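To start, the structure itself, in structure tokens.
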Amino acid sequence: MRTESSKISKSSWPKSVVKKWLNIKSGAEEFHSDDSELDKVERRKSCSDQDCYVVVPDGFSEGSLMESTDGMKPSILEQEAPKPATINDTLNLRMFVGTWNVGGKSPTESLNLRDWLKSPSPSDIYVIGFQEIVPLNAGNVLGPEDSGPAAKWLTIIRQALNGNKFDHETSKHYSDATTMRGEEAYQQGSPKPRLSFSDYLSLEDEFDREVFDKLSNINPNASSSGASSPSSPFTSDQKRHYCLAASKQMVGIFLCVWVRADLYKHVSNLKVSCVGRGIMGYLGNKGSISISMTLHQTTFCFVCTHLASGEKDGDEVRRNFDVSEILKKTKFCHSFKAPGYPHPPETILEHDKIIWLGDLNYRLASGCAGTRELLEKNDWQALLEKDQLRIEQRAGRVFKGWNEGRIYFAPTYKYLANSDHYVVQTSKSKEKRRTPAWCDRILWKGEGLKQMCYARGESKFSDHRPVYSLFSVEVDSRIKKHTPTGTARSCPSKPVTNGGLSSSCAAKVQAEELLLLTRVHSCIDTVPRFM
């Protein structure tokens with residue numbers, strides 16, 4: 001039965017509307033020009049086809065088929081038109097980066113890292129760097145490497161990430177968080193990890209609502225099918241399990257990278273490079289460990305450093321020089337080059353995303369009057385005006401083009417053992433006094449990196465406080481046509497009891513350790529020879 005509302009003149013039917021209608025009603029019958037058929041069903045001729053017709057359902061008025069041309073509400077066709085399916089080639093992951101100078105102390109079994117590693121929420125990637133895991137004495141610097149403390153740290157980290165208690169708290173954290181909105185989840189916070197006041201300041205400054213919700217994995221419209229995206233809450237034991245992708249020790253510097261179990265098979269091109277900047281300019285009591293890796297199609301470089309110490313005038317110049325030498329001498333050698341495939345990065349700055357962490361040892365510039373009074377007032381911003389790293393960076397003498405988040409936490413060095421008091425507040429000896437400073441820092445460089453949190457831990461284990469940062473990371477997950485094929489890697493389901501690397505994990509890393517041996521040989525060659 002034909003109705004008046006369904007009679008529409010051809011001139012009032014825009015071509016774009018016809019195309020949209022044809023796209024939505026892809027299952028509609030098509031009719032060819034035939035007078036008998038025209039009497040049976042209402043149809044309208046397509047502007048794009050010569051003799052093709054399409055059914056016009058009852059209930060549509062002429063106004064409902066017209067396009068919105070003056071900024072008014074879109075037409076019904078525009079509202080109901082399904083959006084074309086798009087393939088998202090970008091993974092949004094969370095990455096935890098932590099650094100801690102542990103003062104030459106080996107960890108005890110009672111040391112709990114869970115509160116540090118899960119703050120403010122569990123992540124997909126963990127990058128953890130240490131300095132002084134062994135005392136920096138002559139025996140450790142010149143003698144054989146003591147790997148015992150490194151194995152202990154790996155065991156404690158593995159227990160913190162994969163332990164049953166951590167899994168239970170993680171599950172509870174997510175199940176409770178999904179019933180609340182972003183900020184309310186942090187405010188009501190009993191199921192959440194406790195945040196310090198400095199964390200709240202950092203979150204308040206850095207978060208917007210959308211990013212905050214993404215960080216907290218709050219997605220009330222998620223499908224109930226049980227499938228989860230890479231950035232969704234963990235739904236399986238595998239996703240709550242972390243694998244050690246790489247680890248490396250150089251004297252007292254130790255760096256390890258952990259990834260979620262289901263991401264492990266997508267890690268490739270793992271390389272390690274060490275640069276010594278200690279005694280004689282090349283021994284490993286100071287220097288850097290750099291780990292290069294590719295996750296899907298995105299290249300990462302993690303640089304853990306311990307730079308020159310000292311708070312005398314001019315010591316910052318030595319630290320600047322350490323940075324430039326590390327950037328220049330860090331090389332990642334790749335023996336295999338796949339034809340037609342992008343060559344893996346060979347230097348730090350060639351990577352897509354770079355994280356620089358460690359005890360950078362930058363102090364407060366001399367002449368900072370009233371340090372003790374500013375400390376008592378917690379006036380960190382006034383003290384930061386004298387921070388050597390910021391002064392040198394603003395002058396373009398170091399880390400030009402690098403980023404660091406805003407600091408709202410107290411100086412991380414130097415504390416009395418097992419105390420909340422700085423040495424400068426109690427020591428009467430000028431030799432033992434150390435002006436408090438933000439020695440422990442995390443910087444980054446590259447697109448697709450957003451720092452979500454920058455804070456410190458409160459463990460009294462060392463004379464330094466640990467520092468951590470949480471990043472939102474965009475990873476390119478596109479499948480390249482020329483991706484080299486090889487044996488798929490799998491993360492061992494059982495933990496390694498001795499704290500060392502499993503055979504599969506150890507096989508992933510081919511260490512290209514560059515301790516400047518050529519420089520050693522050159523020194524030997526220059527020694528006068530007597531006949």
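For the structure tokens, the naming scheme is as follows: chains receive sequential letters (A, B, ...) according to their order of presentation, residues are indexed from 1 within each chain, and ligands are indexed from 1 in presentation order.
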Can you pull out every residue from segment 280-462 of chain A that DSSP, working from the backbone, puts in helix (DSSP H, G or I), and format the result as an MDAnalysis selection string?
chainID A and resid 280:281 315:329 348:350 371:376 380:384 388:394 423:425
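Atom to atom, atom CA of Asp89 of chain A and atom CA of Pro339 of chain A stand 23.5 Å apart.
The closest residue to Ala151 of chain A, picked from A:Gly358, A:Gly401, A:Pro344, A:Pro107 and counting only C-alpha atoms, is A:Pro107.
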Please provide as number ranges by chain all residues within 12 Å of Ser106 of chain A, with the sequence filter that same-chain residues fewer than 2 positions apart are discarded (counting only C-alpha atoms).
A: 101-104, 108-111, 130-135, 146-154, 156, 252, 461-462
Store the residues picked out above, limited to N, CA and C atoms, as a PDB file, in the first residue's frame.
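Full text of part-v6.pdb as output:
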```
ATOM      1  N   ASN A 101      69.069   2.900  43.797  1.00  0.00           N
ATOM      2  CA  ASN A 101      70.423   2.669  44.274  1.00  0.00           C
ATOM      3  C   ASN A 101      70.299   2.028  45.651  1.00  0.00           C
ATOM      4  N   VAL A 102      70.722   0.767  45.742  1.00  0.00           N
ATOM      5  CA  VAL A 102      70.492   0.009  46.980  1.00  0.00           C
ATOM      6  C   VAL A 102      71.708   0.027  47.903  1.00  0.00           C
ATOM      7  N   GLY A 103      72.708   0.854  47.596  1.00  0.00           N
ATOM      8  CA  GLY A 103      73.793   1.105  48.532  1.00  0.00           C
ATOM      9  C   GLY A 103      74.686  -0.075  48.827  1.00  0.00           C
ATOM     10  N   GLY A 104      74.850  -0.992  47.866  1.00  0.00           N
ATOM     11  CA  GLY A 104      75.747  -2.121  48.074  1.00  0.00           C
ATOM     12  C   GLY A 104      75.195  -3.212  48.964  1.00  0.00           C
ATOM     13  N   THR A 108      67.222  -8.968  51.419  1.00  0.00           N
ATOM     14  CA  THR A 108      66.842  -9.995  52.382  1.00  0.00           C
ATOM     15  C   THR A 108      65.505 -10.603  51.967  1.00  0.00           C
ATOM     16  N   GLU A 109      65.209 -11.768  52.526  1.00  0.00           N
ATOM     17  CA  GLU A 109      63.954 -12.440  52.175  1.00  0.00           C
ATOM     18  C   GLU A 109      62.741 -11.640  52.625  1.00  0.00           C
ATOM     19  N   SER A 110      62.906 -10.831  53.630  1.00  0.00           N
ATOM     20  CA  SER A 110      61.774 -10.057  54.151  1.00  0.00           C
ATOM     21  C   SER A 110      61.494  -8.797  53.333  1.00  0.00           C
ATOM     22  N   LEU A 111      62.382  -8.453  52.409  1.00  0.00           N
ATOM     23  CA  LEU A 111      62.183  -7.242  51.604  1.00  0.00           C
ATOM     24  C   LEU A 111      60.998  -7.448  50.669  1.00  0.00           C
ATOM     25  N   PHE A 130      68.863  -1.126  38.879  1.00  0.00           N
ATOM     26  CA  PHE A 130      69.479  -0.949  40.187  1.00  0.00           C
ATOM     27  C   PHE A 130      70.899  -0.411  40.003  1.00  0.00           C
ATOM     28  N   GLN A 131      71.372   0.256  41.036  1.00  0.00           N
ATOM     29  CA  GLN A 131      72.769   0.673  41.115  1.00  0.00           C
ATOM     30  C   GLN A 131      73.313   0.194  42.459  1.00  0.00           C
ATOM     31  N   GLU A 132      74.600  -0.142  42.451  1.00  0.00           N
ATOM     32  CA  GLU A 132      75.300  -0.597  43.647  1.00  0.00           C
ATOM     33  C   GLU A 132      74.635  -1.829  44.264  1.00  0.00           C
ATOM     34  N   ILE A 133      74.377  -2.841  43.439  1.00  0.00           N
ATOM     35  CA  ILE A 133      73.855  -4.087  44.016  1.00  0.00           C
ATOM     36  C   ILE A 133      74.972  -4.845  44.731  1.00  0.00           C
ATOM     37  N   VAL A 134      76.216  -4.439  44.487  1.00  0.00           N
ATOM     38  CA  VAL A 134      77.363  -4.949  45.251  1.00  0.00           C
ATOM     39  C   VAL A 134      78.167  -3.738  45.709  1.00  0.00           C
ATOM     40  N   PRO A 135      78.914  -3.854  46.790  1.00  0.00           N
ATOM     41  CA  PRO A 135      79.775  -2.736  47.212  1.00  0.00           C
ATOM     42  C   PRO A 135      80.795  -2.414  46.116  1.00  0.00           C
ATOM     43  N   ASP A 146      80.373 -10.678  40.877  1.00  0.00           N
ATOM     44  CA  ASP A 146      79.562 -11.380  41.866  1.00  0.00           C
ATOM     45  C   ASP A 146      78.104 -11.327  41.413  1.00  0.00           C
ATOM     46  N   SER A 147      77.618 -12.449  40.907  1.00  0.00           N
ATOM     47  CA  SER A 147      76.249 -12.490  40.372  1.00  0.00           C
ATOM     48  C   SER A 147      75.218 -12.924  41.412  1.00  0.00           C
ATOM     49  N   GLY A 148      75.670 -13.211  42.620  1.00  0.00           N
ATOM     50  CA  GLY A 148      74.729 -13.661  43.647  1.00  0.00           C
ATOM     51  C   GLY A 148      73.638 -12.660  43.967  1.00  0.00           C
ATOM     52  N   PRO A 149      73.972 -11.380  44.246  1.00  0.00           N
ATOM     53  CA  PRO A 149      72.916 -10.399  44.537  1.00  0.00           C
ATOM     54  C   PRO A 149      71.925 -10.217  43.381  1.00  0.00           C
ATOM     55  N   ALA A 150      72.418 -10.259  42.139  1.00  0.00           N
ATOM     56  CA  ALA A 150      71.516 -10.104  40.995  1.00  0.00           C
ATOM     57  C   ALA A 150      70.487 -11.229  40.968  1.00  0.00           C
ATOM     58  N   ALA A 151      70.934 -12.459  41.248  1.00  0.00           N
ATOM     59  CA  ALA A 151      70.003 -13.587  41.282  1.00  0.00           C
ATOM     60  C   ALA A 151      68.958 -13.407  42.378  1.00  0.00           C
ATOM     61  N   LYS A 152      69.383 -12.867  43.516  1.00  0.00           N
ATOM     62  CA  LYS A 152      68.423 -12.633  44.598  1.00  0.00           C
ATOM     63  C   LYS A 152      67.388 -11.575  44.208  1.00  0.00           C
ATOM     64  N   TRP A 153      67.854 -10.512  43.547  1.00  0.00           N
ATOM     65  CA  TRP A 153      66.912  -9.477  43.118  1.00  0.00           C
ATOM     66  C   TRP A 153      65.906 -10.036  42.110  1.00  0.00           C
ATOM     67  N   LEU A 154      66.377 -10.879  41.200  1.00  0.00           N
ATOM     68  CA  LEU A 154      65.460 -11.489  40.236  1.00  0.00           C
ATOM     69  C   LEU A 154      64.407 -12.338  40.941  1.00  0.00           C
ATOM     70  N   ILE A 156      63.245 -12.014  44.025  1.00  0.00           N
ATOM     71  CA  ILE A 156      62.302 -11.164  44.745  1.00  0.00           C
ATOM     72  C   ILE A 156      61.341 -10.473  43.773  1.00  0.00           C
ATOM     73  N   GLY A 252      78.141  -3.099  39.705  1.00  0.00           N
ATOM     74  CA  GLY A 252      77.018  -2.809  40.589  1.00  0.00           C
ATOM     75  C   GLY A 252      75.748  -2.395  39.879  1.00  0.00           C
ATOM     76  N   PHE A 461      65.401   0.744  53.030  1.00  0.00           N
ATOM     77  CA  PHE A 461      66.431  -0.270  52.862  1.00  0.00           C
ATOM     78  C   PHE A 461      67.791   0.342  52.542  1.00  0.00           C
ATOM     79  N   SER A 462      67.793   1.486  51.852  1.00  0.00           N
ATOM     80  CA  SER A 462      69.032   2.088  51.368  1.00  0.00           C
ATOM     81  C   SER A 462      69.090   3.552  51.765  1.00  0.00           C
TER      82      SER A 462
END
```
Point-to-point distance in Å for atom CA of Ser292 of chain A and atom CA of Leu263 of chain A:
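Separating atom CA of Leu263 of chain A from atom CA of Ser292 of chain A is a distance of 16.0 Å.
Shortest separation to Glu458 of chain A among A:Thr90, A:Ser288, A:Gln388, A:Ser119 occurs at residue A:Ser119, atoms counted being only C-alpha atoms.
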Can you tell me, as a PyMOL selection string, what residues are no more than 12 Å from segment 382-385 of chain A when counting only C-alpha atoms, ignoring any on the same chain fewer than 2 positions away?
chain A and resi 362-380+387-392+394+406-411+435-439
Please produce a file of the residues just selected, as a PDB file, in the first residue's frame, where the atoms kept are C-alpha atoms.
```
ATOM      1  CA  TYR A 362      73.088  15.457  39.686  1.00  0.00           C
ATOM      2  CA  ARG A 363      73.060  17.498  42.889  1.00  0.00           C
ATOM      3  CA  LEU A 364      71.887  20.925  44.006  1.00  0.00           C
ATOM      4  CA  ALA A 365      74.063  23.762  42.758  1.00  0.00           C
ATOM      5  CA  SER A 366      76.334  25.256  45.372  1.00  0.00           C
ATOM      6  CA  GLY A 367      75.147  28.376  47.093  1.00  0.00           C
ATOM      7  CA  CYS A 368      71.656  27.083  47.781  1.00  0.00           C
ATOM      8  CA  ALA A 369      71.126  29.007  50.998  1.00  0.00           C
ATOM      9  CA  GLY A 370      68.619  27.831  53.552  1.00  0.00           C
ATOM     10  CA  THR A 371      68.561  24.217  52.402  1.00  0.00           C
ATOM     11  CA  ARG A 372      67.612  22.909  55.820  1.00  0.00           C
ATOM     12  CA  GLU A 373      64.787  25.422  56.170  1.00  0.00           C
ATOM     13  CA  LEU A 374      63.431  24.569  52.717  1.00  0.00           C
ATOM     14  CA  LEU A 375      63.572  20.885  53.600  1.00  0.00           C
ATOM     15  CA  GLU A 376      61.586  21.463  56.768  1.00  0.00           C
ATOM     16  CA  LYS A 377      58.989  23.425  54.788  1.00  0.00           C
ATOM     17  CA  ASN A 378      58.844  20.763  52.046  1.00  0.00           C
ATOM     18  CA  ASP A 379      59.422  23.557  49.545  1.00  0.00           C
ATOM     19  CA  TRP A 380      60.600  21.281  46.748  1.00  0.00           C
ATOM     20  CA  ASP A 387      68.834  21.247  40.542  1.00  0.00           C
ATOM     21  CA  GLN A 388      71.906  20.720  38.355  1.00  0.00           C
ATOM     22  CA  LEU A 389      70.165  18.454  35.848  1.00  0.00           C
ATOM     23  CA  ARG A 390      67.488  21.031  35.122  1.00  0.00           C
ATOM     24  CA  ILE A 391      70.043  23.822  34.900  1.00  0.00           C
ATOM     25  CA  GLU A 392      72.256  21.845  32.499  1.00  0.00           C
ATOM     26  CA  ARG A 394      67.828  24.105  30.016  1.00  0.00           C
ATOM     27  CA  ARG A 406      57.239  17.265  37.060  1.00  0.00           C
ATOM     28  CA  ILE A 407      58.726  16.425  40.431  1.00  0.00           C
ATOM     29  CA  TYR A 408      56.443  16.687  43.449  1.00  0.00           C
ATOM     30  CA  PHE A 409      58.355  14.336  45.728  1.00  0.00           C
ATOM     31  CA  ALA A 410      61.139  14.965  48.241  1.00  0.00           C
ATOM     32  CA  PRO A 411      64.840  14.559  47.351  1.00  0.00           C
ATOM     33  CA  THR A 435      73.174  18.030  50.566  1.00  0.00           C
ATOM     34  CA  PRO A 436      69.860  16.314  49.753  1.00  0.00           C
ATOM     35  CA  ALA A 437      69.343  15.961  46.025  1.00  0.00           C
ATOM     36  CA  TRP A 438      67.206  14.300  43.367  1.00  0.00           C
ATOM     37  CA  CYS A 439      69.950  11.916  42.229  1.00  0.00           C
TER      38      CYS A 439
END
```
Exercise: Thr294 of chain A partners within 12 Å, only C-alpha atoms, chain neighbours under 4 positions left out, as a ChimeraX atom specification
/A:245,263-271,298-302,342-345,351-354,475-477
Resulting file, chosen residues, C-alpha atoms, as an mmCIF file, in the first residue's frame:
```cif
data_model
loop_
_atom_site.group_PDB
_atom_site.id
_atom_site.type_symbol
_atom_site.label_atom_id
_atom_site.label_comp_id
_atom_site.auth_asym_id
_atom_site.auth_seq_id
_atom_site.Cartn_x
_atom_site.Cartn_y
_atom_site.Cartn_z
ATOM 1 C CA ALA A 245 62.793 -10.907 28.757
ATOM 2 C CA LEU A 263 53.533 -10.349 24.952
ATOM 3 C CA TYR A 264 56.694 -12.409 25.370
ATOM 4 C CA LYS A 265 56.414 -14.119 21.991
ATOM 5 C CA HIS A 266 56.281 -10.708 20.287
ATOM 6 C CA VAL A 267 59.649 -9.603 21.714
ATOM 7 C CA SER A 268 62.553 -9.824 19.272
ATOM 8 C CA ASN A 269 65.952 -8.338 18.408
ATOM 9 C CA LEU A 270 67.140 -8.328 22.017
ATOM 10 C CA LYS A 271 70.621 -6.881 22.385
ATOM 11 C CA THR A 298 58.133 -0.827 17.870
ATOM 12 C CA THR A 299 61.755 -0.539 18.990
ATOM 13 C CA PHE A 300 62.633 0.213 22.625
ATOM 14 C CA CYS A 301 65.885 1.132 24.325
ATOM 15 C CA PHE A 302 66.272 1.108 28.115
ATOM 16 C CA PRO A 342 63.928 -2.704 8.512
ATOM 17 C CA HIS A 343 67.360 -2.921 10.038
ATOM 18 C CA PRO A 344 67.251 -2.975 13.866
ATOM 19 C CA PRO A 345 68.630 0.129 15.604
ATOM 20 C CA HIS A 351 65.036 3.650 18.649
ATOM 21 C CA ASP A 352 61.372 4.617 18.550
ATOM 22 C CA LYS A 353 61.066 4.898 22.314
ATOM 23 C CA ILE A 354 63.908 5.460 24.796
ATOM 24 C CA VAL A 475 52.991 -0.014 20.219
ATOM 25 C CA ASP A 476 52.723 -0.660 16.489
ATOM 26 C CA SER A 477 51.262 -4.168 16.109
#
```
Rounded to one decimal in Å, what is the spacing between atom CA of Val303 of chain A and atom CA of Tyr422 of chain A?
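Taking atom CA of Val303 of chain A as the start and atom CA of Tyr422 of chain A as the end point, the length is 28.3 Å.
Using only C-alpha atoms, the nearest neighbour of Leu136 of chain A within the list A:His306, A:His241, A:Arg158, A:Lys248 is A:His306.
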As a PDB file with C-alpha atoms, in the first residue's frame, please: the residues near Gly284 of chain A (cut-off 7 Å, only C-alpha atoms, same-chain neighbours under 4 positions excluded).
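Output file selection04.pdb is given in full below:
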```pdb
ATOM      1  CA  VAL A 141      85.435  -3.627  40.338  1.00  0.00           C
ATOM      2  CA  MET A 250      77.918  -4.755  35.085  1.00  0.00           C
ATOM      3  CA  VAL A 251      79.642  -4.636  38.482  1.00  0.00           C
ATOM      4  CA  GLY A 276      82.098   1.570  31.506  1.00  0.00           C
ATOM      5  CA  ARG A 277      82.700   5.120  32.745  1.00  0.00           C
ATOM      6  CA  GLY A 278      84.327   4.441  36.107  1.00  0.00           C
TER       7      GLY A 278
END
```
Name the residues in contact with Ser290 of chain A at a cut-off of 12 Å, using only C-alpha atoms, excluding same-chain residues fewer than 4 positions from it; report them as a ChimeraX atom specification.
/A:127,129,246-250,253-257,270-276,300-306,326-327,329-332,346-349,351,354-358,511-514
